[in-house]
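Next comes target26.txt, a file with compact mmCIF, N, CA and C atoms.
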```
# COMPACT_ATOMS: atom_id res chain seq x y z
N MET A 287 109.73 1.35 273.12
CA MET A 287 109.30 2.13 271.99
C MET A 287 108.15 1.40 271.35
N ALA A 288 106.98 1.96 271.34
CA ALA A 288 105.82 1.36 270.71
C ALA A 288 105.70 1.87 269.29
N LEU A 289 105.53 0.96 268.39
CA LEU A 289 105.37 1.33 266.98
C LEU A 289 103.96 1.02 266.55
N ALA A 290 103.40 1.88 265.72
CA ALA A 290 102.00 1.76 265.37
C ALA A 290 101.70 0.66 264.37
N SER A 291 102.63 0.38 263.47
CA SER A 291 102.30 -0.58 262.42
C SER A 291 103.55 -1.30 261.95
N MET A 292 103.33 -2.42 261.25
CA MET A 292 104.45 -3.14 260.65
C MET A 292 105.15 -2.27 259.63
N GLY A 293 104.42 -1.40 258.95
CA GLY A 293 105.03 -0.50 257.97
C GLY A 293 106.12 0.33 258.61
N LYS A 294 105.86 0.84 259.80
CA LYS A 294 106.85 1.63 260.53
C LYS A 294 108.02 0.76 260.95
N LEU A 295 107.75 -0.48 261.38
CA LEU A 295 108.82 -1.40 261.75
C LEU A 295 109.74 -1.65 260.57
N GLU A 296 109.17 -1.94 259.41
CA GLU A 296 109.98 -2.22 258.24
C GLU A 296 110.75 -0.99 257.80
N GLU A 297 110.14 0.18 257.96
CA GLU A 297 110.82 1.42 257.59
C GLU A 297 112.07 1.61 258.45
N LEU A 298 111.96 1.38 259.76
CA LEU A 298 113.11 1.50 260.63
C LEU A 298 114.16 0.45 260.29
N ALA A 299 113.73 -0.77 260.07
CA ALA A 299 114.67 -1.85 259.78
C ALA A 299 115.34 -1.68 258.43
N ASP A 300 114.74 -0.94 257.52
CA ASP A 300 115.33 -0.73 256.20
C ASP A 300 116.40 0.34 256.20
N GLU A 301 116.49 1.13 257.28
CA GLU A 301 117.53 2.15 257.35
C GLU A 301 118.88 1.46 257.51
N PRO A 302 119.91 1.95 256.84
CA PRO A 302 121.22 1.30 256.94
C PRO A 302 121.78 1.39 258.35
N ALA A 303 122.44 0.33 258.76
CA ALA A 303 123.05 0.31 260.09
C ALA A 303 124.30 1.16 260.08
N GLU A 304 124.55 1.82 261.21
CA GLU A 304 125.75 2.62 261.36
C GLU A 304 126.79 1.80 262.10
N ASP A 305 128.04 1.99 261.72
CA ASP A 305 129.12 1.35 262.47
C ASP A 305 129.33 2.13 263.75
N GLY A 306 129.75 1.47 264.79
CA GLY A 306 130.01 2.17 266.03
C GLY A 306 129.34 1.48 267.19
N PRO A 307 128.91 2.26 268.19
CA PRO A 307 128.33 1.67 269.40
C PRO A 307 127.03 0.92 269.08
N ILE A 308 126.62 0.13 270.03
CA ILE A 308 125.41 -0.67 269.88
C ILE A 308 124.21 0.26 269.76
N CYS A 309 123.42 0.05 268.73
CA CYS A 309 122.21 0.84 268.53
C CYS A 309 121.01 -0.02 268.94
N VAL A 310 120.51 0.24 270.13
CA VAL A 310 119.42 -0.55 270.69
C VAL A 310 118.19 -0.49 269.78
N ALA A 311 117.87 0.68 269.28
CA ALA A 311 116.69 0.83 268.42
C ALA A 311 116.84 0.04 267.12
N GLU A 312 118.03 0.05 266.54
CA GLU A 312 118.28 -0.67 265.29
C GLU A 312 118.12 -2.18 265.48
N ILE A 313 118.73 -2.71 266.52
CA ILE A 313 118.65 -4.15 266.78
C ILE A 313 117.22 -4.54 267.11
N THR A 314 116.56 -3.72 267.89
CA THR A 314 115.17 -4.00 268.23
C THR A 314 114.30 -4.02 266.98
N SER A 315 114.49 -3.04 266.13
CA SER A 315 113.71 -2.95 264.90
C SER A 315 113.95 -4.16 264.00
N LEU A 316 115.22 -4.51 263.80
CA LEU A 316 115.54 -5.67 262.95
C LEU A 316 114.94 -6.95 263.52
N THR A 317 115.11 -7.17 264.81
CA THR A 317 114.59 -8.41 265.39
C THR A 317 113.06 -8.42 265.41
N ASP A 318 112.44 -7.27 265.61
CA ASP A 318 110.98 -7.20 265.54
C ASP A 318 110.48 -7.66 264.17
N VAL A 319 111.11 -7.16 263.13
CA VAL A 319 110.70 -7.51 261.77
C VAL A 319 110.92 -9.00 261.53
N VAL A 320 112.11 -9.48 261.82
CA VAL A 320 112.45 -10.89 261.54
C VAL A 320 111.56 -11.84 262.32
N LEU A 321 111.26 -11.51 263.55
CA LEU A 321 110.45 -12.42 264.36
C LEU A 321 108.97 -12.40 263.98
N THR A 322 108.58 -11.50 263.08
CA THR A 322 107.21 -11.55 262.55
C THR A 322 107.12 -12.40 261.29
N PHE A 323 108.27 -12.78 260.73
CA PHE A 323 108.27 -13.62 259.54
C PHE A 323 107.60 -14.96 259.84
N ARG A 324 106.90 -15.48 258.86
CA ARG A 324 106.23 -16.77 258.98
C ARG A 324 106.74 -17.70 257.89
N LEU A 325 107.00 -18.92 258.27
CA LEU A 325 107.43 -19.94 257.32
C LEU A 325 106.30 -20.16 256.32
N GLY A 326 106.61 -20.14 255.06
CA GLY A 326 105.59 -20.34 254.03
C GLY A 326 105.12 -19.05 253.40
N THR A 327 105.31 -17.93 254.09
CA THR A 327 104.91 -16.64 253.51
C THR A 327 106.09 -15.69 253.36
N THR A 328 107.20 -16.03 253.96
CA THR A 328 108.40 -15.20 253.85
C THR A 328 109.27 -15.75 252.72
N THR A 329 109.73 -14.86 251.85
CA THR A 329 110.54 -15.31 250.72
C THR A 329 112.00 -15.47 251.13
N ARG A 330 112.70 -16.25 250.38
CA ARG A 330 114.13 -16.43 250.63
C ARG A 330 114.85 -15.11 250.44
N GLU A 331 114.39 -14.28 249.51
CA GLU A 331 115.01 -12.98 249.29
C GLU A 331 114.88 -12.10 250.53
N GLN A 332 113.74 -12.15 251.21
CA GLN A 332 113.58 -11.37 252.44
C GLN A 332 114.57 -11.86 253.50
N MET A 333 114.68 -13.17 253.63
CA MET A 333 115.60 -13.73 254.61
C MET A 333 117.04 -13.34 254.28
N ASP A 334 117.40 -13.47 253.02
CA ASP A 334 118.77 -13.14 252.60
C ASP A 334 119.08 -11.65 252.77
N TYR A 335 118.05 -10.80 252.73
CA TYR A 335 118.24 -9.37 252.93
C TYR A 335 118.56 -9.07 254.40
N TYR A 336 117.83 -9.70 255.32
CA TYR A 336 117.97 -9.39 256.74
C TYR A 336 119.11 -10.14 257.42
N LEU A 337 119.47 -11.31 256.92
CA LEU A 337 120.46 -12.12 257.61
C LEU A 337 121.82 -11.44 257.78
N PRO A 338 122.42 -10.86 256.75
CA PRO A 338 123.73 -10.22 256.96
C PRO A 338 123.67 -9.06 257.96
N ARG A 339 122.60 -8.31 257.91
CA ARG A 339 122.46 -7.17 258.82
C ARG A 339 122.33 -7.65 260.26
N LEU A 340 121.52 -8.67 260.45
CA LEU A 340 121.33 -9.18 261.80
C LEU A 340 122.60 -9.87 262.31
N ALA A 341 123.29 -10.58 261.45
CA ALA A 341 124.55 -11.21 261.84
C ALA A 341 125.58 -10.15 262.22
N ARG A 342 125.60 -9.03 261.51
CA ARG A 342 126.51 -7.93 261.83
C ARG A 342 126.18 -7.35 263.21
N GLU A 343 124.89 -7.21 263.50
CA GLU A 343 124.49 -6.69 264.82
C GLU A 343 124.85 -7.69 265.92
N LEU A 344 124.68 -8.98 265.65
CA LEU A 344 125.07 -9.99 266.63
C LEU A 344 126.57 -9.92 266.88
N ASN A 345 127.34 -9.78 265.82
CA ASN A 345 128.79 -9.62 265.97
C ASN A 345 129.14 -8.41 266.83
N SER A 346 128.43 -7.30 266.60
CA SER A 346 128.72 -6.10 267.38
C SER A 346 128.41 -6.31 268.86
N LEU A 347 127.35 -7.06 269.15
CA LEU A 347 127.03 -7.36 270.55
C LEU A 347 128.10 -8.25 271.18
N LEU A 348 128.67 -9.14 270.39
CA LEU A 348 129.71 -10.02 270.91
C LEU A 348 131.01 -9.29 271.16
N ASP A 349 131.15 -8.10 270.58
CA ASP A 349 132.37 -7.31 270.75
C ASP A 349 132.35 -6.42 271.98
N VAL A 350 131.23 -6.33 272.67
CA VAL A 350 131.16 -5.50 273.88
C VAL A 350 131.20 -6.40 275.12
N ASP A 351 131.55 -5.79 276.24
CA ASP A 351 131.62 -6.54 277.50
C ASP A 351 130.20 -6.80 278.00
N LEU A 352 129.81 -8.05 277.98
CA LEU A 352 128.48 -8.43 278.44
C LEU A 352 128.51 -9.09 279.82
N GLY A 353 129.69 -9.13 280.41
CA GLY A 353 129.83 -9.73 281.73
C GLY A 353 129.95 -11.23 281.70
N ALA A 354 130.36 -11.79 280.58
CA ALA A 354 130.48 -13.24 280.45
C ALA A 354 131.52 -13.81 281.39
N GLN A 355 132.51 -13.02 281.76
CA GLN A 355 133.55 -13.51 282.67
C GLN A 355 132.96 -13.89 284.04
N GLU A 356 131.92 -13.15 284.45
CA GLU A 356 131.35 -13.35 285.78
C GLU A 356 130.08 -14.19 285.80
N ASP A 357 129.48 -14.42 284.66
CA ASP A 357 128.15 -15.02 284.62
C ASP A 357 128.13 -16.22 283.66
N ARG A 358 127.89 -17.39 284.21
CA ARG A 358 127.89 -18.62 283.39
C ARG A 358 126.76 -18.62 282.36
N GLU A 359 125.61 -18.07 282.71
CA GLU A 359 124.50 -18.03 281.75
C GLU A 359 124.85 -17.16 280.55
N VAL A 360 125.47 -16.03 280.80
CA VAL A 360 125.89 -15.15 279.72
C VAL A 360 126.97 -15.84 278.89
N GLN A 361 127.89 -16.53 279.56
CA GLN A 361 128.92 -17.29 278.84
C GLN A 361 128.29 -18.26 277.85
N GLU A 362 127.25 -18.96 278.28
CA GLU A 362 126.59 -19.95 277.42
C GLU A 362 125.89 -19.27 276.23
N ILE A 363 125.25 -18.16 276.46
CA ILE A 363 124.59 -17.44 275.37
C ILE A 363 125.63 -16.94 274.37
N VAL A 364 126.73 -16.41 274.87
CA VAL A 364 127.81 -15.93 274.00
C VAL A 364 128.39 -17.09 273.20
N ARG A 365 128.59 -18.23 273.85
CA ARG A 365 129.12 -19.42 273.16
C ARG A 365 128.17 -19.84 272.03
N GLN A 366 126.87 -19.88 272.31
CA GLN A 366 125.88 -20.24 271.29
C GLN A 366 125.91 -19.26 270.12
N ALA A 367 126.01 -17.97 270.43
CA ALA A 367 126.02 -16.94 269.39
C ALA A 367 127.27 -17.06 268.52
N ARG A 368 128.41 -17.25 269.15
CA ARG A 368 129.66 -17.38 268.38
C ARG A 368 129.61 -18.60 267.46
N LYS A 369 129.11 -19.69 267.97
CA LYS A 369 129.01 -20.91 267.16
C LYS A 369 128.04 -20.70 266.00
N LEU A 370 126.93 -20.05 266.27
CA LEU A 370 125.91 -19.84 265.25
C LEU A 370 126.42 -19.01 264.09
N ILE A 371 127.24 -17.98 264.37
CA ILE A 371 127.65 -17.09 263.28
C ILE A 371 128.96 -17.48 262.61
N GLU A 372 129.54 -18.60 263.03
CA GLU A 372 130.73 -19.10 262.32
C GLU A 372 130.33 -19.37 260.87
N LEU A 373 131.22 -19.04 259.95
CA LEU A 373 130.91 -19.17 258.52
C LEU A 373 130.40 -20.55 258.12
N PRO A 374 130.99 -21.64 258.58
CA PRO A 374 130.48 -22.95 258.14
C PRO A 374 129.05 -23.23 258.59
N ASN A 375 128.58 -22.53 259.62
CA ASN A 375 127.22 -22.77 260.13
C ASN A 375 126.17 -21.88 259.47
N ARG A 376 126.60 -20.89 258.71
CA ARG A 376 125.65 -19.98 258.07
C ARG A 376 125.03 -20.62 256.84
N PRO A 377 123.78 -20.28 256.58
CA PRO A 377 123.14 -20.82 255.38
C PRO A 377 123.79 -20.23 254.12
N ASP A 378 123.77 -21.02 253.06
CA ASP A 378 124.25 -20.53 251.77
C ASP A 378 123.17 -20.80 250.73
N SER A 379 123.49 -20.61 249.46
CA SER A 379 122.49 -20.75 248.41
C SER A 379 121.95 -22.18 248.30
N LYS A 380 122.68 -23.16 248.82
CA LYS A 380 122.22 -24.55 248.78
C LYS A 380 121.34 -24.92 249.97
N THR A 381 121.30 -24.06 250.98
CA THR A 381 120.50 -24.33 252.17
C THR A 381 119.03 -24.20 251.82
N PRO A 382 118.21 -25.18 252.19
CA PRO A 382 116.77 -25.06 251.94
C PRO A 382 116.20 -23.82 252.64
N THR A 383 115.14 -23.28 252.09
CA THR A 383 114.53 -22.07 252.64
C THR A 383 114.15 -22.25 254.11
N PHE A 384 113.60 -23.40 254.46
CA PHE A 384 113.21 -23.59 255.86
C PHE A 384 114.43 -23.57 256.78
N GLY A 385 115.58 -24.05 256.29
CA GLY A 385 116.81 -24.00 257.09
C GLY A 385 117.26 -22.57 257.31
N ALA A 386 117.20 -21.76 256.25
CA ALA A 386 117.56 -20.34 256.37
C ALA A 386 116.59 -19.62 257.31
N PHE A 387 115.31 -19.98 257.24
CA PHE A 387 114.28 -19.37 258.09
C PHE A 387 114.59 -19.61 259.56
N PHE A 388 114.85 -20.86 259.93
CA PHE A 388 115.12 -21.18 261.33
C PHE A 388 116.45 -20.61 261.79
N TYR A 389 117.43 -20.57 260.91
CA TYR A 389 118.71 -19.96 261.25
C TYR A 389 118.52 -18.47 261.55
N LEU A 390 117.78 -17.78 260.70
CA LEU A 390 117.52 -16.35 260.88
C LEU A 390 116.80 -16.09 262.20
N ARG A 391 115.83 -16.92 262.53
CA ARG A 391 115.12 -16.76 263.80
C ARG A 391 116.05 -17.00 264.99
N ASP A 392 116.94 -17.98 264.87
CA ASP A 392 117.91 -18.23 265.95
C ASP A 392 118.81 -17.01 266.15
N VAL A 393 119.28 -16.42 265.05
CA VAL A 393 120.12 -15.23 265.15
C VAL A 393 119.34 -14.09 265.80
N ALA A 394 118.09 -13.91 265.40
CA ALA A 394 117.26 -12.83 265.97
C ALA A 394 117.04 -13.06 267.46
N ASN A 395 116.75 -14.28 267.84
CA ASN A 395 116.53 -14.57 269.26
C ASN A 395 117.78 -14.35 270.10
N LEU A 396 118.93 -14.78 269.60
CA LEU A 396 120.17 -14.54 270.34
C LEU A 396 120.51 -13.06 270.40
N CYS A 397 120.24 -12.34 269.33
CA CYS A 397 120.44 -10.88 269.34
C CYS A 397 119.59 -10.25 270.44
N ARG A 398 118.35 -10.67 270.52
CA ARG A 398 117.45 -10.12 271.54
C ARG A 398 117.98 -10.41 272.94
N ARG A 399 118.41 -11.64 273.16
CA ARG A 399 118.90 -12.01 274.49
C ARG A 399 120.16 -11.22 274.85
N LEU A 400 121.09 -11.11 273.92
CA LEU A 400 122.32 -10.36 274.19
C LEU A 400 122.04 -8.87 274.32
N LEU A 401 121.10 -8.37 273.55
CA LEU A 401 120.73 -6.95 273.67
C LEU A 401 120.15 -6.68 275.06
N TRP A 402 119.30 -7.57 275.53
CA TRP A 402 118.71 -7.40 276.86
C TRP A 402 119.82 -7.38 277.91
N ILE A 403 120.80 -8.27 277.79
CA ILE A 403 121.92 -8.30 278.73
C ILE A 403 122.69 -6.98 278.66
N HIS A 404 122.96 -6.51 277.44
CA HIS A 404 123.70 -5.26 277.25
C HIS A 404 122.94 -4.08 277.86
N VAL A 405 121.65 -4.00 277.61
CA VAL A 405 120.83 -2.91 278.14
C VAL A 405 120.81 -2.96 279.67
N SER A 406 120.61 -4.15 280.22
CA SER A 406 120.56 -4.30 281.68
C SER A 406 121.90 -3.95 282.32
N ARG A 407 122.96 -4.44 281.73
CA ARG A 407 124.31 -4.24 282.30
C ARG A 407 124.74 -2.77 282.26
N ASN A 408 124.27 -2.04 281.28
CA ASN A 408 124.70 -0.65 281.11
C ASN A 408 123.64 0.37 281.47
N ASP A 409 122.60 -0.08 282.14
CA ASP A 409 121.51 0.80 282.58
C ASP A 409 120.99 1.68 281.46
N LEU A 410 120.79 1.07 280.29
CA LEU A 410 120.27 1.80 279.14
C LEU A 410 118.75 1.71 279.13
N GLU A 411 118.15 2.62 278.42
CA GLU A 411 116.70 2.59 278.29
C GLU A 411 116.33 1.63 277.18
N ALA A 412 115.50 0.67 277.49
CA ALA A 412 115.03 -0.29 276.50
C ALA A 412 113.94 0.37 275.67
N PRO A 413 113.91 0.03 274.39
CA PRO A 413 112.86 0.63 273.53
C PRO A 413 111.50 0.09 273.87
```

In structure tokens, how does this file's structure come out?
Amino acid sequence: MALASMGKLEELADEPAEDGPICVAEITSLTDVVLTFRLGTTTREQMDYYLPRLARELNSLLDVDLGAQEDREVQEIVRQARKLIELPNRPDSKTPTFGAFFYLRDVANLCRRLLWIHVSRNDLEAP
């Protein structure tokens, strides 16, 4: 799915997420926005807005069969994702902004990797 501008990306990412099956377009939109963030120009408020949504999408990807039983690489990605979203590892109000920034990018990158696995495994159309 090609989008014409960042305005359109942010518009898609600002739509509330629906509970239920994996929404490829939603995860793609959220990760596209987050991965355009730059350290020094992105506010903590922006990071705090996107982090819970992206963590929820990562959780939803971890709840589907990604083939981790058969594939060691997928097992490792799933292990990294589970460790990353454990509550003690999440940034809080005391976490420096740069720490929250890198954490958010890690969540976005793992979401992308797991989404790619999900799309490939289920013969879905990638955006």

* To do: Using all atoms listed in the file, find the one residue out of A:Thr328, A:Leu401, A:Val310, A:Val393 that sits nearest to A:Leu347.
  => A:Leu401

* Interatomic distance, atom C of A:Thr314 to atom N of A:Leu410 (Å, one decimal) -> 15.7 Å

* If you run DSSP on the backbone, which residues of chain A are helix (DSSP H, G or I), as a VMD selection string? -> chain A and resid 292 to 300 310 to 320 330 to 348 358 to 371 373 to 375 383 to 407

Box for stretch 374-391 of chain A: with edges along x, y and z, all listed atoms inside and 8 Å added on each side, what are the centre and edge lengths in Å to one decimal, as AutoDock Vina command-line options?
```
--center_x 122.1 --center_y -20.6 --center_z 256.6 --size_x 33.8 --size_y 25.1 --size_z 32.7
```

* To do: Quote the spacing between atom N of A:Val320 and atom CA of A:Arg391 in Å to one decimal place.
  => 8.1 Å

* To do: Extract, using all atoms listed in the file, all DNA, RNA and protein residues at most 8 Å from A:Leu325, discarding same-chain residues fewer than 4 positions from it, and format them as a list in words.
  => Thr329, Thr383, Phe384, Phe387 and Phe388 of chain A

Can I get the selection written as a PDB file, in the coordinates of the input, with N, CA and C atoms?
```pdb
ATOM      1  N   THR A 329     109.730 -14.860 251.850  1.00  0.00           N
ATOM      2  CA  THR A 329     110.540 -15.310 250.720  1.00  0.00           C
ATOM      3  C   THR A 329     112.000 -15.470 251.130  1.00  0.00           C
ATOM      4  N   THR A 383     115.140 -23.280 252.090  1.00  0.00           N
ATOM      5  CA  THR A 383     114.530 -22.070 252.640  1.00  0.00           C
ATOM      6  C   THR A 383     114.150 -22.250 254.110  1.00  0.00           C
ATOM      7  N   PHE A 384     113.600 -23.400 254.460  1.00  0.00           N
ATOM      8  CA  PHE A 384     113.210 -23.590 255.860  1.00  0.00           C
ATOM      9  C   PHE A 384     114.430 -23.570 256.780  1.00  0.00           C
ATOM     10  N   PHE A 387     115.310 -19.980 257.240  1.00  0.00           N
ATOM     11  CA  PHE A 387     114.280 -19.370 258.090  1.00  0.00           C
ATOM     12  C   PHE A 387     114.590 -19.610 259.560  1.00  0.00           C
ATOM     13  N   PHE A 388     114.850 -20.860 259.930  1.00  0.00           N
ATOM     14  CA  PHE A 388     115.120 -21.180 261.330  1.00  0.00           C
ATOM     15  C   PHE A 388     116.450 -20.610 261.790  1.00  0.00           C
TER      16      PHE A 388
END
```

* Asked: Please, what distance in Å, to one decimal, runs between atom C of A:Leu344 and atom C of A:Ile403?
  -> 12.7 Å

Could stretch 337-348 of chain A be completed with all heavy atoms and returned as a PDB file, keeping the file's coordinate frame?
```pdb
ATOM      1  N   LEU A 337     119.470 -11.310 256.920  1.00  0.00           N
ATOM      2  CA  LEU A 337     120.460 -12.120 257.610  1.00  0.00           C
ATOM      3  C   LEU A 337     121.820 -11.440 257.780  1.00  0.00           C
ATOM      4  O   LEU A 337     122.342 -11.409 258.905  1.00  0.00           O
ATOM      5  CB  LEU A 337     120.626 -13.480 256.929  1.00  0.00           C
ATOM      6  CG  LEU A 337     121.598 -14.427 257.622  1.00  0.00           C
ATOM      7  CD1 LEU A 337     121.211 -14.638 259.084  1.00  0.00           C
ATOM      8  CD2 LEU A 337     121.663 -15.733 256.890  1.00  0.00           C
ATOM      9  N   PRO A 338     122.420 -10.860 256.750  1.00  0.00           N
ATOM     10  CA  PRO A 338     123.730 -10.220 256.960  1.00  0.00           C
ATOM     11  C   PRO A 338     123.670  -9.060 257.960  1.00  0.00           C
ATOM     12  O   PRO A 338     124.581  -8.866 258.763  1.00  0.00           O
ATOM     13  CB  PRO A 338     124.157  -9.728 255.583  1.00  0.00           C
ATOM     14  CG  PRO A 338     123.216 -10.318 254.615  1.00  0.00           C
ATOM     15  CD  PRO A 338     122.024 -10.805 255.355  1.00  0.00           C
ATOM     16  N   ARG A 339     122.600  -8.310 257.910  1.00  0.00           N
ATOM     17  CA  ARG A 339     122.460  -7.170 258.820  1.00  0.00           C
ATOM     18  C   ARG A 339     122.330  -7.650 260.260  1.00  0.00           C
ATOM     19  O   ARG A 339     122.951  -7.099 261.176  1.00  0.00           O
ATOM     20  CB  ARG A 339     121.259  -6.327 258.424  1.00  0.00           C
ATOM     21  CG  ARG A 339     121.467  -5.680 257.058  1.00  0.00           C
ATOM     22  CD  ARG A 339     120.328  -4.847 256.622  1.00  0.00           C
ATOM     23  NE  ARG A 339     120.141  -3.732 257.548  1.00  0.00           N
ATOM     24  CZ  ARG A 339     118.985  -3.108 257.698  1.00  0.00           C
ATOM     25  NH1 ARG A 339     117.944  -3.452 257.000  1.00  0.00           N
ATOM     26  NH2 ARG A 339     118.887  -2.109 258.540  1.00  0.00           N
ATOM     27  N   LEU A 340     121.520  -8.670 260.450  1.00  0.00           N
ATOM     28  CA  LEU A 340     121.330  -9.180 261.800  1.00  0.00           C
ATOM     29  C   LEU A 340     122.600  -9.870 262.310  1.00  0.00           C
ATOM     30  O   LEU A 340     122.946  -9.717 263.490  1.00  0.00           O
ATOM     31  CB  LEU A 340     120.141 -10.153 261.800  1.00  0.00           C
ATOM     32  CG  LEU A 340     119.350 -10.286 263.078  1.00  0.00           C
ATOM     33  CD1 LEU A 340     118.989  -8.938 263.671  1.00  0.00           C
ATOM     34  CD2 LEU A 340     118.108 -11.099 262.832  1.00  0.00           C
ATOM     35  N   ALA A 341     123.290 -10.580 261.450  1.00  0.00           N
ATOM     36  CA  ALA A 341     124.550 -11.210 261.840  1.00  0.00           C
ATOM     37  C   ALA A 341     125.580 -10.150 262.220  1.00  0.00           C
ATOM     38  O   ALA A 341     126.343 -10.320 263.182  1.00  0.00           O
ATOM     39  CB  ALA A 341     125.082 -12.092 260.715  1.00  0.00           C
ATOM     40  N   ARG A 342     125.600  -9.030 261.510  1.00  0.00           N
ATOM     41  CA  ARG A 342     126.510  -7.930 261.830  1.00  0.00           C
ATOM     42  C   ARG A 342     126.180  -7.350 263.210  1.00  0.00           C
ATOM     43  O   ARG A 342     127.074  -7.063 264.007  1.00  0.00           O
ATOM     44  CB  ARG A 342     126.420  -6.852 260.743  1.00  0.00           C
ATOM     45  CG  ARG A 342     127.418  -5.738 260.899  1.00  0.00           C
ATOM     46  CD  ARG A 342     127.463  -4.787 259.712  1.00  0.00           C
ATOM     47  NE  ARG A 342     126.176  -4.382 259.188  1.00  0.00           N
ATOM     48  CZ  ARG A 342     125.674  -4.774 258.003  1.00  0.00           C
ATOM     49  NH1 ARG A 342     126.358  -5.577 257.224  1.00  0.00           N
ATOM     50  NH2 ARG A 342     124.498  -4.355 257.594  1.00  0.00           N
ATOM     51  N   GLU A 343     124.890  -7.210 263.500  1.00  0.00           N
ATOM     52  CA  GLU A 343     124.490  -6.690 264.820  1.00  0.00           C
ATOM     53  C   GLU A 343     124.850  -7.690 265.920  1.00  0.00           C
ATOM     54  O   GLU A 343     125.295  -7.292 267.002  1.00  0.00           O
ATOM     55  CB  GLU A 343     122.987  -6.398 264.852  1.00  0.00           C
ATOM     56  CG  GLU A 343     122.552  -5.289 263.920  1.00  0.00           C
ATOM     57  CD  GLU A 343     123.156  -3.928 264.231  1.00  0.00           C
ATOM     58  OE1 GLU A 343     123.692  -3.713 265.341  1.00  0.00           O
ATOM     59  OE2 GLU A 343     123.093  -3.054 263.350  1.00  0.00           O
ATOM     60  N   LEU A 344     124.680  -8.980 265.650  1.00  0.00           N
ATOM     61  CA  LEU A 344     125.070  -9.990 266.630  1.00  0.00           C
ATOM     62  C   LEU A 344     126.570  -9.920 266.880  1.00  0.00           C
ATOM     63  O   LEU A 344     127.018  -9.973 268.030  1.00  0.00           O
ATOM     64  CB  LEU A 344     124.649 -11.379 266.154  1.00  0.00           C
ATOM     65  CG  LEU A 344     124.880 -12.534 267.120  1.00  0.00           C
ATOM     66  CD1 LEU A 344     124.216 -12.291 268.464  1.00  0.00           C
ATOM     67  CD2 LEU A 344     124.406 -13.843 266.501  1.00  0.00           C
ATOM     68  N   ASN A 345     127.340  -9.780 265.820  1.00  0.00           N
ATOM     69  CA  ASN A 345     128.790  -9.620 265.970  1.00  0.00           C
ATOM     70  C   ASN A 345     129.140  -8.410 266.830  1.00  0.00           C
ATOM     71  O   ASN A 345     130.040  -8.465 267.664  1.00  0.00           O
ATOM     72  CB  ASN A 345     129.469  -9.481 264.606  1.00  0.00           C
ATOM     73  CG  ASN A 345     129.991 -10.783 264.086  1.00  0.00           C
ATOM     74  OD1 ASN A 345     130.452 -11.621 264.833  1.00  0.00           O
ATOM     75  ND2 ASN A 345     129.912 -10.951 262.788  1.00  0.00           N
ATOM     76  N   SER A 346     128.430  -7.300 266.600  1.00  0.00           N
ATOM     77  CA  SER A 346     128.720  -6.100 267.380  1.00  0.00           C
ATOM     78  C   SER A 346     128.410  -6.310 268.860  1.00  0.00           C
ATOM     79  O   SER A 346     129.123  -5.816 269.728  1.00  0.00           O
ATOM     80  CB  SER A 346     127.987  -4.880 266.818  1.00  0.00           C
ATOM     81  OG  SER A 346     126.597  -4.986 267.009  1.00  0.00           O
ATOM     82  N   LEU A 347     127.350  -7.060 269.150  1.00  0.00           N
ATOM     83  CA  LEU A 347     127.030  -7.360 270.550  1.00  0.00           C
ATOM     84  C   LEU A 347     128.100  -8.250 271.180  1.00  0.00           C
ATOM     85  O   LEU A 347     128.395  -8.121 272.369  1.00  0.00           O
ATOM     86  CB  LEU A 347     125.655  -8.021 270.645  1.00  0.00           C
ATOM     87  CG  LEU A 347     124.472  -7.081 270.496  1.00  0.00           C
ATOM     88  CD1 LEU A 347     123.198  -7.866 270.209  1.00  0.00           C
ATOM     89  CD2 LEU A 347     124.312  -6.209 271.736  1.00  0.00           C
ATOM     90  N   LEU A 348     128.670  -9.140 270.390  1.00  0.00           N
ATOM     91  CA  LEU A 348     129.710 -10.020 270.910  1.00  0.00           C
ATOM     92  C   LEU A 348     131.010  -9.290 271.160  1.00  0.00           C
ATOM     93  O   LEU A 348     131.877  -9.775 271.886  1.00  0.00           O
ATOM     94  CB  LEU A 348     129.927 -11.197 269.954  1.00  0.00           C
ATOM     95  CG  LEU A 348     128.778 -12.191 269.890  1.00  0.00           C
ATOM     96  CD1 LEU A 348     128.988 -13.171 268.750  1.00  0.00           C
ATOM     97  CD2 LEU A 348     128.593 -12.908 271.216  1.00  0.00           C
TER      98      LEU A 348
END
```
